[in-house]
>>> print(open('upload_3.cif').read())   # mmCIF, C-alpha atoms
data_data
loop_
_atom_site.group_PDB
_atom_site.id
_atom_site.type_symbol
_atom_site.label_atom_id
_atom_site.label_comp_id
_atom_site.auth_asym_id
_atom_site.auth_seq_id
_atom_site.Cartn_x
_atom_site.Cartn_y
_atom_site.Cartn_z
ATOM 1 C CA MET A 1 -25.321 -33.110 -44.612
ATOM 2 C CA ALA A 2 -25.998 -29.699 -43.158
ATOM 3 C CA THR A 3 -23.433 -27.122 -44.168
ATOM 4 C CA VAL A 4 -24.295 -24.614 -41.463
ATOM 5 C CA GLU A 5 -26.571 -24.751 -38.448
ATOM 6 C CA LEU A 6 -27.516 -21.713 -36.415
ATOM 7 C CA THR A 7 -29.591 -21.408 -33.275
ATOM 8 C CA PHE A 8 -30.719 -18.041 -32.046
ATOM 9 C CA SER A 9 -32.874 -16.727 -29.248
ATOM 10 C CA ALA A 10 -36.330 -15.452 -30.146
ATOM 11 C CA LEU A 11 -35.418 -11.820 -30.621
ATOM 12 C CA PRO A 12 -36.490 -9.825 -33.711
ATOM 13 C CA ALA A 13 -32.984 -8.376 -34.028
ATOM 14 C CA HIS A 14 -31.569 -11.821 -34.801
ATOM 15 C CA VAL A 15 -33.824 -12.346 -37.820
ATOM 16 C CA ARG A 16 -31.683 -10.009 -39.883
ATOM 17 C CA THR A 17 -28.562 -11.968 -38.932
ATOM 18 C CA ALA A 18 -30.243 -15.213 -39.982
ATOM 19 C CA ARG A 19 -31.323 -13.923 -43.371
ATOM 20 C CA LEU A 20 -27.931 -12.344 -44.092
ATOM 21 C CA LEU A 21 -26.234 -15.624 -43.226
ATOM 22 C CA ALA A 22 -28.642 -17.569 -45.447
ATOM 23 C CA THR A 23 -28.076 -15.181 -48.347
ATOM 24 C CA ALA A 24 -24.293 -15.398 -48.000
ATOM 25 C CA ILE A 25 -24.330 -19.191 -47.973
ATOM 26 C CA ALA A 26 -26.812 -19.333 -50.859
ATOM 27 C CA ARG A 27 -24.448 -17.186 -52.911
ATOM 28 C CA ARG A 28 -21.503 -19.396 -52.038
ATOM 29 C CA THR A 29 -23.536 -22.515 -52.844
ATOM 30 C CA GLY A 30 -24.176 -21.230 -56.351
ATOM 31 C CA VAL A 31 -27.766 -19.996 -56.165
ATOM 32 C CA GLU A 32 -28.355 -17.562 -59.027
ATOM 33 C CA GLU A 33 -28.013 -13.890 -58.142
ATOM 34 C CA SER A 34 -31.561 -13.281 -59.365
ATOM 35 C CA LEU A 35 -32.875 -15.703 -56.722
ATOM 36 C CA LEU A 36 -30.942 -14.329 -53.761
ATOM 37 C CA ASP A 37 -33.602 -11.736 -52.936
ATOM 38 C CA GLU A 38 -36.161 -14.535 -52.782
ATOM 39 C CA VAL A 39 -33.930 -16.555 -50.462
ATOM 40 C CA ARG A 40 -33.408 -13.532 -48.230
ATOM 41 C CA LEU A 41 -37.098 -12.744 -48.029
ATOM 42 C CA ALA A 42 -38.314 -16.325 -47.586
ATOM 43 C CA VAL A 43 -35.782 -17.078 -44.849
ATOM 44 C CA GLY A 44 -36.646 -13.794 -43.159
ATOM 45 C CA GLU A 45 -40.344 -14.660 -43.263
ATOM 46 C CA ALA A 46 -39.777 -18.118 -41.810
ATOM 47 C CA CYS A 47 -37.562 -16.787 -39.030
ATOM 48 C CA SER A 48 -39.934 -13.886 -38.256
ATOM 49 C CA ARG A 49 -42.821 -16.306 -37.942
ATOM 50 C CA ALA A 50 -40.777 -18.527 -35.624
ATOM 51 C CA VAL A 51 -39.680 -15.580 -33.474
ATOM 52 C CA GLU A 52 -43.259 -14.365 -33.084
ATOM 53 C CA ALA A 53 -44.437 -17.871 -32.206
ATOM 54 C CA HIS A 54 -41.684 -18.349 -29.621
ATOM 55 C CA ARG A 55 -42.321 -14.948 -28.060
ATOM 56 C CA LEU A 56 -45.932 -16.005 -27.553
ATOM 57 C CA HIS A 57 -45.313 -19.489 -26.255
ATOM 58 C CA CYS A 58 -41.717 -20.173 -25.270
ATOM 59 C CA PRO A 59 -39.466 -17.092 -25.333
ATOM 60 C CA GLU A 60 -36.606 -18.934 -23.630
ATOM 61 C CA GLU A 61 -36.321 -21.568 -26.337
ATOM 62 C CA PRO A 62 -33.984 -21.053 -29.300
ATOM 63 C CA ILE A 63 -34.946 -21.264 -32.964
ATOM 64 C CA ARG A 64 -32.908 -23.446 -35.293
ATOM 65 C CA ILE A 65 -32.018 -22.877 -38.914
ATOM 66 C CA GLU A 66 -30.172 -25.408 -41.058
ATOM 67 C CA LEU A 67 -28.610 -24.482 -44.386
ATOM 68 C CA CYS A 68 -27.707 -27.407 -46.624
ATOM 69 C CA ASP A 69 -26.228 -27.729 -50.102
ATOM 70 C CA ASP A 70 -27.071 -31.309 -50.995
ATOM 71 C CA SER A 71 -27.730 -32.629 -54.502
ATOM 72 C CA GLY A 72 -27.607 -29.447 -56.486
ATOM 73 C CA ARG A 73 -30.072 -27.543 -54.344
ATOM 74 C CA PHE A 74 -29.715 -25.038 -51.559
ATOM 75 C CA GLU A 75 -32.035 -26.123 -48.763
ATOM 76 C CA VAL A 76 -33.089 -24.165 -45.699
ATOM 77 C CA ILE A 77 -34.947 -25.658 -42.753
ATOM 78 C CA VAL A 78 -36.320 -23.394 -40.024
ATOM 79 C CA THR A 79 -37.518 -25.223 -36.924
ATOM 80 C CA ASP A 80 -39.342 -23.812 -33.934
ATOM 81 C CA VAL A 81 -40.754 -25.486 -30.845
ATOM 82 C CA ALA A 82 -43.889 -23.357 -30.368
ATOM 83 C CA PRO A 83 -47.189 -25.258 -30.634
ATOM 84 C CA SER A 84 -48.279 -24.174 -34.099
ATOM 85 C CA ASP A 85 -51.837 -25.514 -33.791
ATOM 86 C CA GLU A 86 -52.602 -22.904 -31.163
ATOM 87 C CA LEU A 87 -51.242 -20.176 -33.410
ATOM 88 C CA GLU A 88 -53.444 -21.200 -36.306
ATOM 89 C CA HIS A 89 -56.587 -21.282 -34.196
ATOM 90 C CA THR A 90 -56.187 -18.013 -32.329
ATOM 91 C CA PRO A 91 -58.843 -15.712 -33.841
ATOM 92 C CA GLU A 92 -56.599 -12.691 -34.384
ATOM 93 C CA ARG A 93 -54.112 -14.929 -36.153
ATOM 94 C CA ALA A 94 -56.479 -16.512 -38.614
ATOM 95 C CA PRO A 95 -54.975 -17.543 -41.957
ATOM 96 C CA PHE A 96 -54.498 -14.660 -44.359
ATOM 97 C CA ARG A 97 -57.070 -14.277 -47.120
ATOM 98 C CA LEU A 98 -55.824 -12.618 -50.264
ATOM 99 C CA ASP A 99 -59.358 -11.623 -51.274
ATOM 100 C CA ASP A 100 -59.846 -9.393 -48.227
ATOM 101 C CA PRO A 101 -56.523 -8.145 -46.883
ATOM 102 C CA LEU A 102 -57.950 -5.115 -45.141
ATOM 103 C CA GLY A 103 -60.509 -7.182 -43.311
ATOM 104 C CA GLN A 104 -58.091 -9.932 -42.393
ATOM 105 C CA LEU A 105 -54.740 -8.421 -41.674
ATOM 106 C CA PRO A 106 -53.969 -6.729 -38.395
ATOM 107 C CA ASP A 107 -50.832 -4.607 -38.280
ATOM 108 C CA THR A 108 -48.858 -7.379 -36.697
ATOM 109 C CA LEU A 109 -47.473 -10.487 -38.271
ATOM 110 C CA VAL A 110 -50.028 -13.135 -39.192
ATOM 111 C CA SER A 111 -48.738 -16.690 -39.240
ATOM 112 C CA GLY A 112 -50.518 -17.733 -42.415
ATOM 113 C CA PHE A 113 -49.540 -14.543 -44.183
ATOM 114 C CA GLY A 114 -45.814 -15.162 -43.831
ATOM 115 C CA ILE A 115 -46.187 -18.713 -45.041
ATOM 116 C CA ALA A 116 -48.217 -17.503 -48.036
ATOM 117 C CA VAL A 117 -45.338 -15.182 -48.905
ATOM 118 C CA ILE A 118 -42.812 -18.016 -48.573
ATOM 119 C CA ALA A 119 -44.944 -20.198 -50.857
ATOM 120 C CA GLY A 120 -44.913 -17.427 -53.422
ATOM 121 C CA LEU A 121 -41.135 -17.118 -53.277
ATOM 122 C CA ALA A 122 -39.650 -20.598 -53.104
ATOM 123 C CA ASP A 123 -40.418 -23.140 -55.805
ATOM 124 C CA ASP A 124 -40.144 -25.962 -53.281
ATOM 125 C CA VAL A 125 -41.723 -25.461 -49.841
ATOM 126 C CA GLU A 126 -42.936 -27.917 -47.236
ATOM 127 C CA VAL A 127 -44.544 -26.871 -43.966
ATOM 128 C CA TYR A 128 -44.814 -29.369 -41.138
ATOM 129 C CA PRO A 129 -46.951 -27.976 -38.307
ATOM 130 C CA SER A 130 -47.351 -29.922 -35.085
ATOM 131 C CA GLN A 131 -48.128 -29.460 -31.423
ATOM 132 C CA LYS A 132 -44.377 -29.539 -30.773
ATOM 133 C CA GLY A 133 -43.544 -26.813 -33.234
ATOM 134 C CA MET A 134 -43.331 -26.003 -36.910
ATOM 135 C CA ARG A 135 -40.712 -26.999 -39.442
ATOM 136 C CA ILE A 136 -40.482 -25.099 -42.714
ATOM 137 C CA ARG A 137 -38.292 -26.596 -45.408
ATOM 138 C CA MET A 138 -37.623 -24.665 -48.583
ATOM 139 C CA SER A 139 -35.103 -25.024 -51.362
ATOM 140 C CA TRP A 140 -33.783 -23.373 -54.514
ATOM 141 C CA PRO A 141 -31.685 -24.665 -57.377
ATOM 142 C CA ALA A 142 -27.965 -24.219 -56.905
ATOM 143 C CA ALA A 143 -25.292 -24.406 -59.570
ATOM 144 C CA ALA A 144 -23.208 -27.556 -59.467
ATOM 145 C CA GLY A 145 -20.109 -25.403 -59.472
ATOM 146 C CA GLY A 146 -20.824 -23.444 -56.308
ATOM 147 C CA LEU A 147 -17.828 -21.956 -54.566
ATOM 148 C CA SER A 148 -15.884 -24.226 -52.288
ATOM 149 C CA PRO A 149 -16.071 -23.461 -48.564
ATOM 150 C CA VAL A 150 -12.343 -22.707 -48.429
ATOM 151 C CA MET B 1 -29.026 -1.336 -42.475
ATOM 152 C CA ASP B 2 -31.260 0.131 -39.828
ATOM 153 C CA LEU B 3 -34.479 1.985 -40.573
ATOM 154 C CA LYS B 4 -34.483 5.745 -41.083
ATOM 155 C CA LEU B 5 -37.784 7.602 -40.975
ATOM 156 C CA ASP B 6 -38.640 11.178 -41.772
ATOM 157 C CA HIS B 7 -41.782 13.044 -42.748
ATOM 158 C CA HIS B 8 -42.964 16.407 -43.960
ATOM 159 C CA SER B 9 -46.229 17.892 -45.105
ATOM 160 C CA GLU B 10 -47.048 19.471 -48.433
ATOM 161 C CA ASP B 11 -50.514 20.961 -48.595
ATOM 162 C CA ARG B 12 -52.802 18.256 -47.202
ATOM 163 C CA LEU B 13 -50.426 15.427 -48.028
ATOM 164 C CA THR B 14 -47.943 14.039 -45.511
ATOM 165 C CA ILE B 15 -44.932 12.422 -47.158
ATOM 166 C CA VAL B 16 -43.208 9.726 -45.114
ATOM 167 C CA GLU B 17 -39.643 9.011 -46.213
ATOM 168 C CA VAL B 18 -38.479 5.491 -45.378
ATOM 169 C CA GLU B 19 -34.925 4.253 -45.803
ATOM 170 C CA GLY B 20 -33.421 0.886 -44.911
ATOM 171 C CA GLU B 21 -34.982 -2.423 -43.921
ATOM 172 C CA ILE B 22 -38.568 -2.914 -42.742
ATOM 173 C CA ASP B 23 -38.752 -6.207 -40.907
ATOM 174 C CA VAL B 24 -39.957 -7.739 -37.657
ATOM 175 C CA TYR B 25 -37.315 -5.733 -35.753
ATOM 176 C CA THR B 26 -37.799 -2.304 -37.304
ATOM 177 C CA ALA B 27 -41.462 -2.346 -38.374
ATOM 178 C CA PRO B 28 -42.741 -1.274 -34.916
ATOM 179 C CA ARG B 29 -41.033 2.105 -35.417
ATOM 180 C CA LEU B 30 -42.851 2.651 -38.699
ATOM 181 C CA ARG B 31 -46.099 1.558 -37.053
ATOM 182 C CA GLU B 32 -45.589 4.071 -34.244
ATOM 183 C CA LEU B 33 -44.913 6.868 -36.722
ATOM 184 C CA LEU B 34 -48.010 6.109 -38.796
ATOM 185 C CA ILE B 35 -50.185 5.921 -35.676
ATOM 186 C CA ASP B 36 -48.717 9.191 -34.405
ATOM 187 C CA LEU B 37 -49.349 10.952 -37.709
ATOM 188 C CA VAL B 38 -52.960 9.774 -37.825
ATOM 189 C CA ASN B 39 -53.503 10.739 -34.196
ATOM 190 C CA LYS B 40 -52.284 14.229 -35.073
ATOM 191 C CA GLY B 41 -54.803 14.556 -37.877
ATOM 192 C CA ASN B 42 -52.681 13.581 -40.882
ATOM 193 C CA PHE B 43 -55.078 11.422 -42.874
ATOM 194 C CA HIS B 44 -53.497 11.573 -46.328
ATOM 195 C CA LEU B 45 -50.182 9.758 -46.240
ATOM 196 C CA LEU B 46 -47.704 9.049 -49.011
ATOM 197 C CA VAL B 47 -44.994 6.558 -48.059
ATOM 198 C CA ASN B 48 -41.891 6.900 -50.215
ATOM 199 C CA MET B 49 -40.242 3.474 -50.353
ATOM 200 C CA GLU B 50 -37.628 4.203 -52.987
ATOM 201 C CA LYS B 51 -34.819 3.800 -50.441
ATOM 202 C CA VAL B 52 -36.229 0.675 -48.791
ATOM 203 C CA ASP B 53 -33.805 -2.243 -49.164
ATOM 204 C CA PHE B 54 -35.983 -4.922 -47.629
ATOM 205 C CA LEU B 55 -39.664 -5.365 -46.812
ATOM 206 C CA ASP B 56 -41.280 -8.429 -45.276
ATOM 207 C CA SER B 57 -44.809 -9.370 -44.263
ATOM 208 C CA THR B 58 -44.450 -7.571 -40.947
ATOM 209 C CA GLY B 59 -43.830 -4.357 -42.858
ATOM 210 C CA LEU B 60 -46.758 -5.078 -45.141
ATOM 211 C CA GLY B 61 -48.919 -5.573 -42.083
ATOM 212 C CA VAL B 62 -47.866 -2.179 -40.749
ATOM 213 C CA LEU B 63 -48.731 -0.503 -44.056
ATOM 214 C CA VAL B 64 -52.113 -2.241 -44.170
ATOM 215 C CA GLY B 65 -52.722 -1.209 -40.562
ATOM 216 C CA GLY B 66 -51.914 2.375 -41.490
ATOM 217 C CA LEU B 67 -54.266 2.196 -44.437
ATOM 218 C CA LYS B 68 -57.067 0.940 -42.224
ATOM 219 C CA ARG B 69 -56.489 3.819 -39.807
ATOM 220 C CA VAL B 70 -56.539 6.577 -42.418
ATOM 221 C CA ARG B 71 -59.539 5.078 -44.185
ATOM 222 C CA ALA B 72 -61.437 5.304 -40.907
ATOM 223 C CA HIS B 73 -61.042 9.063 -41.386
ATOM 224 C CA ASP B 74 -61.782 9.005 -45.136
ATOM 225 C CA GLY B 75 -58.072 9.389 -45.725
ATOM 226 C CA SER B 76 -55.572 7.648 -47.950
ATOM 227 C CA LEU B 77 -52.234 5.855 -47.702
ATOM 228 C CA GLU B 78 -50.376 5.477 -50.963
ATOM 229 C CA LEU B 79 -46.891 4.366 -51.872
ATOM 230 C CA VAL B 80 -44.033 5.402 -54.095
ATOM 231 C CA CYS B 81 -42.087 2.371 -55.235
ATOM 232 C CA THR B 82 -40.340 1.309 -58.425
ATOM 233 C CA GLN B 83 -38.037 -1.362 -57.046
ATOM 234 C CA GLU B 84 -38.919 -4.751 -58.473
ATOM 235 C CA ARG B 85 -37.719 -6.604 -55.357
ATOM 236 C CA ILE B 86 -40.209 -4.650 -53.224
ATOM 237 C CA LEU B 87 -43.037 -4.632 -55.759
ATOM 238 C CA LYS B 88 -42.803 -8.402 -56.006
ATOM 239 C CA ILE B 89 -43.990 -8.934 -52.439
ATOM 240 C CA PHE B 90 -46.952 -6.627 -53.070
ATOM 241 C CA ARG B 91 -47.840 -8.677 -56.139
ATOM 242 C CA ILE B 92 -47.456 -12.032 -54.356
ATOM 243 C CA THR B 93 -49.834 -10.930 -51.627
ATOM 244 C CA GLY B 94 -52.332 -9.212 -53.919
ATOM 245 C CA LEU B 95 -51.748 -5.889 -52.187
ATOM 246 C CA THR B 96 -51.156 -4.089 -55.493
ATOM 247 C CA LYS B 97 -54.965 -3.952 -55.625
ATOM 248 C CA VAL B 98 -55.172 -2.370 -52.197
ATOM 249 C CA PHE B 99 -52.511 0.344 -52.357
ATOM 250 C CA GLY B 100 -52.090 3.080 -54.890
ATOM 251 C CA ILE B 101 -48.483 2.633 -56.012
ATOM 252 C CA TYR B 102 -46.755 5.431 -57.912
ATOM 253 C CA ALA B 103 -43.437 5.743 -59.703
ATOM 254 C CA SER B 104 -42.491 9.044 -58.080
ATOM 255 C CA VAL B 105 -43.540 11.478 -55.389
ATOM 256 C CA GLU B 106 -44.438 14.002 -58.093
ATOM 257 C CA GLU B 107 -46.703 11.519 -59.842
ATOM 258 C CA ALA B 108 -48.429 10.673 -56.576
ATOM 259 C CA LYS B 109 -48.873 14.348 -55.715
ATOM 260 C CA GLU B 110 -50.444 15.016 -59.111
ATOM 261 C CA ALA B 111 -52.853 12.103 -58.657
ATOM 262 C CA HIS B 112 -53.669 13.261 -55.145
ATOM 263 C CA GLY B 113 -54.347 16.773 -56.444
ATOM 264 C CA ARG B 114 -56.731 15.426 -59.070
ATOM 265 C CA ASP B 115 -58.648 13.441 -56.469
ATOM 266 C CA LYS B 116 -59.167 16.385 -54.118
#
>>> encode(input="upload_3.cif", output="structure tokens")
Amino acid sequence: MATVELTFSALPAHVRTARLLATAIARRTGVEESLLDEVRLAVGEACSRAVEAHRLHCPEEPIRIELCDDSGRFEVIVTDVAPSDELEHTPERAPFRLDDPLGQLPDTLVSGFGIAVIAGLADDVEVYPSQKGMRIRMSWPAAAGGLSPV
Amino acid sequence: MDLKLDHHSEDRLTIVEVEGEIDVYTAPRLRELLIDLVNKGNFHLLVNMEKVDFLDSTGLGVLVGGLKRVRAHDGSLELVCTQERILKIFRITGLTKVFGIYASVEEAKEAHGRDK
């Protein structure tokens, strides 16, 4: 069962709000302090990617983030409705290559780059791209004795 | 926290002081500053990130973009950073091999002086 759901319009300013919210709930859920930076960064990356995708394809549509605390893990799902296949195949947004960052990376966000960062941060990541949007699910271990929501 | 930017020149080195969060919202300001500095002939940049609280891939992209611009003029863009939370994202992305990363401004200035 989702603990918190948030939808926000595709504005860069809202990404900070989303990652602060995720970090606060992760702390309350019992995620170790040493992992909170990873949660903050990974959620920020996922939301940044979604915002950029929506601004390209559907700026009026909101982005959704779900924060869940089921079964001893803190789970975050970021869902957008921008056609991710188009993003992946646009030449200037080719997947990031770690062996040639200067040749590959323009000074704007690259879709594959953000996902590579998320994969390096969360020990459990699943990316579901589709023509109807992308869904990124990531999770971290949470202590069984996380704080109650009271 | 918002992003605070400042810069000053010492000899041929331009030191860019960055404080706050570099993300999809604030990174364009850093990009504009780096482009402006290069356009004004500052090709040796040292970005001090000791007061940066947060850096994401958008910020990395801006730094890489700046590096590409200064290298086009045989320049350099190096970083001062000792914060593990920031260094980690450089390591994950392999960018520790791309940027010179120093523990202090003084250390970077000494290295820059040796390379001149």
>>> residues_around(input="upload_3.cif", residues="B:Gly59", least_positions_apart="3", cutoff="6 Å", atoms="all atoms listed in the file", output="list in words")
Ile22, Asp23, Ala27, Leu55, Asp56 and Val62 of chain B
>>> closest_residue(input="upload_3.cif", among="B:Asp6, B:Asp74, B:Asp36, B:Glu21", to="B:Thr58", atoms="only C-alpha atoms")
B:Glu21
>>> resolve_selection(input="upload_3.cif", expression="the PyMOL selection byres ((chain A and resi 10) around 7)", output="ChimeraX atom specification")
/A:8-9,11-12,51,54-55,59,62-63
>>> resolve_selection(input="upload_3.cif", expression="the PyMOL selection byres ((chain A and resi 74) around 10)", output="VMD selection string")
chain A and resid 3 22 25 to 31 39 67 to 73 75 to 76 138 to 143
>>> closest_residue(input="upload_3.cif", among="B:Thr96, B:Phe54, B:Ser76, B:Tyr102", to="chain A", atoms="only C-alpha atoms")
B:Phe54
